file final_22.txt (compact mmCIF, C-alpha atoms and all ligand atoms)
# COMPACT_ATOMS: atom_id res chain seq x y z
CA MET A 1 114.99 2.43 136.85
CA ARG A 2 114.77 -1.20 135.79
CA PRO A 3 111.42 -3.04 135.91
CA VAL A 4 110.36 -4.23 139.38
CA ASP A 5 110.88 -7.92 138.50
CA GLU A 6 114.46 -7.24 137.39
CA LEU A 7 115.17 -5.34 140.60
CA CYS A 8 113.85 -8.27 142.63
CA GLU A 9 116.14 -10.60 140.67
CA ALA A 10 119.11 -8.26 141.27
CA LEU A 11 118.31 -8.26 145.00
CA ARG A 12 118.30 -12.08 145.05
CA GLU A 13 121.68 -12.12 143.30
CA GLN A 14 123.00 -10.00 146.19
CA GLY A 15 121.80 -12.68 148.59
CA LEU A 16 118.98 -10.46 149.86
CA LYS A 17 115.41 -11.63 150.36
CA VAL A 18 112.66 -10.20 148.22
CA THR A 19 110.07 -9.45 150.89
CA PRO A 20 106.60 -8.07 150.09
CA GLN A 21 107.76 -4.83 151.74
CA ARG A 22 110.77 -4.46 149.42
CA ARG A 23 108.69 -5.24 146.34
CA LEU A 24 106.15 -2.62 147.39
CA ILE A 25 108.94 -0.03 147.83
CA PHE A 26 110.17 -0.78 144.29
CA GLU A 27 106.64 -0.28 142.97
CA ALA A 28 106.31 2.99 144.89
CA LEU A 29 109.59 4.23 143.38
CA ARG A 30 108.35 3.33 139.92
CA ASP A 31 105.09 5.24 140.53
CA SER A 32 106.62 8.22 142.40
CA PRO A 33 107.07 11.65 140.98
CA ASN A 34 110.67 12.20 139.99
CA HIS A 35 113.27 12.55 142.78
CA PRO A 36 111.17 11.45 145.79
CA SER A 37 112.53 11.66 149.34
CA ALA A 38 112.43 8.58 151.60
CA GLU A 39 109.40 10.19 153.29
CA ASP A 40 107.61 10.51 149.93
CA VAL A 41 108.13 6.80 149.28
CA TYR A 42 107.09 6.00 152.86
CA HIS A 43 103.78 7.83 152.45
CA LEU A 44 103.02 5.89 149.28
CA VAL A 45 103.75 2.46 150.78
CA ARG A 46 101.98 3.20 154.07
CA ASP A 47 98.67 3.45 152.21
CA VAL A 48 99.08 -0.21 151.24
CA MET A 49 101.03 -1.55 154.24
CA PRO A 50 100.28 0.60 157.29
CA ASP A 51 102.79 -1.30 159.46
CA MET A 52 105.77 -0.54 157.19
CA SER A 53 108.49 1.38 159.06
CA LEU A 54 110.43 4.35 157.75
CA ALA A 55 113.62 2.42 158.64
CA THR A 56 112.64 -0.36 156.21
CA VAL A 57 112.21 2.23 153.48
CA TYR A 58 115.63 3.78 154.25
CA HIS A 59 117.38 0.38 154.30
CA THR A 60 115.84 -0.68 151.02
CA LEU A 61 116.73 2.61 149.34
CA ASP A 62 120.29 2.28 150.68
CA HIS A 63 120.58 -1.18 149.11
CA LEU A 64 119.42 0.16 145.76
CA VAL A 65 121.96 3.02 145.95
CA THR A 66 124.75 0.54 146.76
CA MET A 67 123.63 -1.64 143.84
CA GLY A 68 123.75 1.37 141.52
CA GLU A 69 120.01 1.23 140.80
CA LEU A 70 119.31 4.61 142.42
CA VAL A 71 121.30 7.80 142.87
CA GLN A 72 121.13 9.62 146.19
CA LEU A 73 120.90 13.39 145.80
CA ASP A 74 121.58 16.11 148.36
CA LEU A 75 119.92 19.31 147.20
CA GLY A 76 120.57 21.21 150.42
CA GLU A 77 117.18 20.40 151.94
CA GLY A 78 118.43 18.50 154.98
CA LYS A 79 117.13 15.27 153.48
CA SER A 80 118.14 13.08 150.57
CA ARG A 81 116.19 12.60 147.42
CA TYR A 82 116.45 9.53 145.23
CA ASP A 83 116.84 9.57 141.48
CA THR A 84 115.69 6.57 139.47
CA TYR A 85 117.43 8.00 136.41
CA THR A 86 121.03 6.91 136.98
CA ASN A 87 122.66 8.20 133.80
CA GLY A 88 124.69 11.34 134.42
CA HIS A 89 122.55 14.46 134.16
CA PHE A 90 122.23 17.89 135.75
CA HIS A 91 119.44 19.25 137.96
CA LEU A 92 117.42 22.44 138.07
CA VAL A 93 115.83 23.18 141.46
CA CYS A 94 113.11 25.76 142.17
CA GLN A 95 113.71 27.12 145.66
CA GLY A 96 110.09 28.24 145.85
CA CYS A 97 108.08 25.08 145.12
CA ARG A 98 111.06 22.63 145.36
CA GLU A 99 110.38 21.24 141.91
CA VAL A 100 113.40 19.31 140.63
CA LEU A 101 113.89 19.01 136.88
CA ASP A 102 116.35 16.84 134.99
CA ILE A 103 118.61 18.58 132.49
CA ALA A 104 120.56 16.66 129.90
CA GLY A 105 124.26 17.13 130.57
CA ASP A 106 127.57 15.60 129.68
CA PRO A 107 127.68 12.58 132.04
CA ASP A 108 131.47 12.83 132.36
CA CYS A 109 131.45 16.62 132.85
CA ALA A 110 134.51 16.58 130.58
CA ASP A 111 133.90 20.16 129.43
CA LEU A 112 133.57 21.43 133.00
CA MET A 113 136.67 19.79 134.41
CA PRO A 114 139.04 22.40 135.89
CA THR A 115 142.77 21.81 135.48
CA GLU A 116 143.06 21.12 139.25
CA THR A 117 141.32 17.77 138.65
CA SER A 118 144.08 16.48 136.40
CA GLY A 119 145.73 13.49 138.04
CA TYR A 120 142.48 12.63 139.85
CA GLN A 121 140.26 9.79 138.87
CA ILE A 122 136.83 11.48 138.96
CA ASP A 123 134.06 9.11 140.08
CA ARG A 124 131.15 11.48 140.16
CA CYS A 125 130.21 15.02 139.25
CA GLU A 126 127.08 16.89 140.29
CA VAL A 127 125.78 20.06 138.70
CA VAL A 128 122.74 21.74 140.28
CA PHE A 129 121.20 25.06 139.25
CA TYR A 130 119.11 26.74 141.98
CA GLY A 131 116.53 29.39 141.17
CA HIS A 132 112.84 30.24 140.95
CA CYS A 133 110.52 28.86 138.29
CA PRO A 134 108.23 31.24 136.32
CA ASP A 135 105.24 30.42 138.58
CA CYS A 136 107.20 31.19 141.75
CA GLN A 137 108.47 34.50 140.34
CA ALA A 138 104.91 35.70 139.79
ZN ZN A 201 108.62 27.05 141.67
ZN ZN A 202 117.49 13.56 138.14
call {"tool": "encode", "arguments": {"input": "final_22.txt", "output": "structure tokens"}}
result
Amino acid sequence: MRPVDELCEALREQGLKVTPQRRLIFEALRDSPNHPSAEDVYHLVRDVMPDMSLATVYHTLDHLVTMGELVQLDLGEGKSRYDTYTNGHFHLVCQGCREVLDIAGDPDCADLMPTETSGYQIDRCEVVFYGHCPDCQA
């Protein structure tokens, strides 16, 4: 993720106001553990601004996804997570403790591309490994 000041500048360039709420959400994203959900971000910002609504958090995260500053992830949990690391990479998910690790991967997935994709322009590719970490196996 880019520094908070750069994100604020990018928001202004989109014609959006940089409110104290939005700035606080950016700071919470910067300080969050990797791959937070909207609720995780909400809990962080509520400590500082108790009147912040979950809807404000969702809207701000949506803007950042649209701007390409965040990647929205669906890891089959019934809620999205947000990735501040936007370069193509794979994920490893523990189904016990829900830890999500980044794995370096070919961002274009060129080696994985089945022949059926020929003729398609591929915009995105997601690779997720699900399992149980050593602690959760014990
Ligand atoms: Zn685990
Ligand atoms: Zn990631």
call {"tool": "atom_distance", "arguments": {"input": "final_22.txt", "atom1": "CA of Asn87 (chain A)", "atom2": "atom ZN of ligand ZN 202 (chain A)"}}
result
8.6 Å
call {"tool": "closest_residue", "arguments": {"input": "final_22.txt", "among": "A:Val57, A:Val45, A:Met67, A:Leu24", "to": "Arg12 (chain A)", "atoms": "all atoms listed in the file"}}
result
A:Met67
call {"tool": "residues_around", "arguments": {"input": "final_22.txt", "residues": "Asp31 (chain A)", "least_positions_apart": "6", "cutoff": "10 Å", "atoms": "all atoms listed in the file", "output": "PyMOL selection string"}}
result
chain A and resi 25+41+44
call {"tool": "residues_around", "arguments": {"input": "final_22.txt", "residues": "Ser32 (chain A)", "least_positions_apart": "5", "cutoff": "12 Å", "atoms": "only C-alpha atoms", "output": "short mmCIF file (atom, residue, chain, number, x, y, z; two decimals) with C-alpha atoms, keeping the file's coordinate frame"}}
result
data_model
loop_
_atom_site.label_atom_id
_atom_site.label_comp_id
_atom_site.auth_asym_id
_atom_site.auth_seq_id
_atom_site.Cartn_x
_atom_site.Cartn_y
_atom_site.Cartn_z
CA MET A 1 114.99 2.43 136.85
CA LEU A 24 106.15 -2.62 147.39
CA ILE A 25 108.94 -0.03 147.83
CA PHE A 26 110.17 -0.78 144.29
CA GLU A 27 106.64 -0.28 142.97
CA SER A 37 112.53 11.66 149.34
CA ALA A 38 112.43 8.58 151.60
CA GLU A 39 109.40 10.19 153.29
CA ASP A 40 107.61 10.51 149.93
CA VAL A 41 108.13 6.80 149.28
CA TYR A 42 107.09 6.00 152.86
CA HIS A 43 103.78 7.83 152.45
CA LEU A 44 103.02 5.89 149.28
CA VAL A 45 103.75 2.46 150.78
CA ARG A 81 116.19 12.60 147.42
CA TYR A 82 116.45 9.53 145.23
CA ASP A 83 116.84 9.57 141.48
CA THR A 84 115.69 6.57 139.47
#
call {"tool": "atom_distance", "arguments": {"input": "final_22.txt", "atom1": "CA of Asp106 (chain A)", "atom2": "CA of Asp62 (chain A)"}}
result
25.9 Å
call {"tool": "build_atoms", "arguments": {"input": "final_22.txt", "residues": "region 26-55 of chain A", "atoms": "N, CA and C atoms", "output": "compact mmCIF listing (two decimals), keeping the file's coordinate frame"}}
result
# COMPACT_ATOMS: atom_id res chain seq x y z
N PHE A 26 109.77 -0.91 145.71
CA PHE A 26 110.17 -0.78 144.29
C PHE A 26 109.02 -0.22 143.46
N GLU A 27 107.80 -0.74 143.73
CA GLU A 27 106.64 -0.28 142.97
C GLU A 27 106.35 1.19 143.26
N ALA A 28 106.54 1.59 144.52
CA ALA A 28 106.31 2.99 144.89
C ALA A 28 107.31 3.90 144.18
N LEU A 29 108.57 3.44 144.09
CA LEU A 29 109.59 4.23 143.38
C LEU A 29 109.22 4.39 141.92
N ARG A 30 108.74 3.30 141.32
CA ARG A 30 108.35 3.33 139.92
C ARG A 30 107.21 4.33 139.71
N ASP A 31 106.28 4.40 140.68
CA ASP A 31 105.09 5.24 140.53
C ASP A 31 105.27 6.64 141.10
N SER A 32 106.41 6.91 141.75
CA SER A 32 106.62 8.22 142.40
C SER A 32 106.86 9.30 141.37
N PRO A 33 106.57 10.53 141.78
CA PRO A 33 107.07 11.65 140.98
C PRO A 33 108.60 11.60 141.01
N ASN A 34 109.22 12.26 140.08
CA ASN A 34 110.67 12.20 139.99
C ASN A 34 111.34 12.72 141.27
N HIS A 35 112.46 12.10 141.65
CA HIS A 35 113.27 12.55 142.78
C HIS A 35 112.51 12.58 144.11
N PRO A 36 111.87 11.46 144.49
CA PRO A 36 111.17 11.45 145.79
C PRO A 36 112.17 11.38 146.95
N SER A 37 111.76 11.88 148.11
CA SER A 37 112.53 11.66 149.34
C SER A 37 112.08 10.32 149.92
N ALA A 38 112.82 9.83 150.94
CA ALA A 38 112.43 8.58 151.60
C ALA A 38 111.02 8.74 152.19
N GLU A 39 110.72 9.93 152.70
CA GLU A 39 109.40 10.19 153.29
C GLU A 39 108.30 10.09 152.22
N ASP A 40 108.59 10.61 151.02
CA ASP A 40 107.61 10.51 149.93
C ASP A 40 107.28 9.05 149.64
N VAL A 41 108.33 8.22 149.56
CA VAL A 41 108.13 6.80 149.28
C VAL A 41 107.36 6.15 150.43
N TYR A 42 107.74 6.53 151.65
CA TYR A 42 107.09 6.00 152.86
C TYR A 42 105.59 6.26 152.84
N HIS A 43 105.21 7.49 152.47
CA HIS A 43 103.78 7.83 152.45
C HIS A 43 103.02 6.99 151.43
N LEU A 44 103.67 6.72 150.30
CA LEU A 44 103.02 5.89 149.28
C LEU A 44 102.81 4.46 149.78
N VAL A 45 103.86 3.87 150.39
CA VAL A 45 103.75 2.46 150.78
C VAL A 45 102.86 2.28 152.01
N ARG A 46 102.80 3.31 152.85
CA ARG A 46 101.98 3.20 154.07
C ARG A 46 100.49 3.06 153.75
N ASP A 47 100.08 3.60 152.60
CA ASP A 47 98.67 3.45 152.21
C ASP A 47 98.33 1.99 151.99
N VAL A 48 99.32 1.20 151.54
CA VAL A 48 99.08 -0.21 151.24
C VAL A 48 99.43 -1.09 152.44
N MET A 49 100.58 -0.78 153.08
CA MET A 49 101.03 -1.55 154.24
C MET A 49 101.23 -0.60 155.41
N PRO A 50 100.20 -0.39 156.21
CA PRO A 50 100.28 0.60 157.29
C PRO A 50 101.34 0.29 158.34
N ASP A 51 101.80 -0.98 158.43
CA ASP A 51 102.79 -1.30 159.46
C ASP A 51 104.23 -1.20 158.95
N MET A 52 104.41 -0.74 157.73
CA MET A 52 105.77 -0.54 157.19
C MET A 52 106.47 0.56 157.99
N SER A 53 107.76 0.35 158.33
CA SER A 53 108.49 1.38 159.06
C SER A 53 109.33 2.22 158.11
N LEU A 54 109.58 3.46 158.54
CA LEU A 54 110.43 4.35 157.75
C LEU A 54 111.83 3.75 157.62
N ALA A 55 112.29 3.04 158.68
CA ALA A 55 113.62 2.42 158.64
C ALA A 55 113.72 1.39 157.52
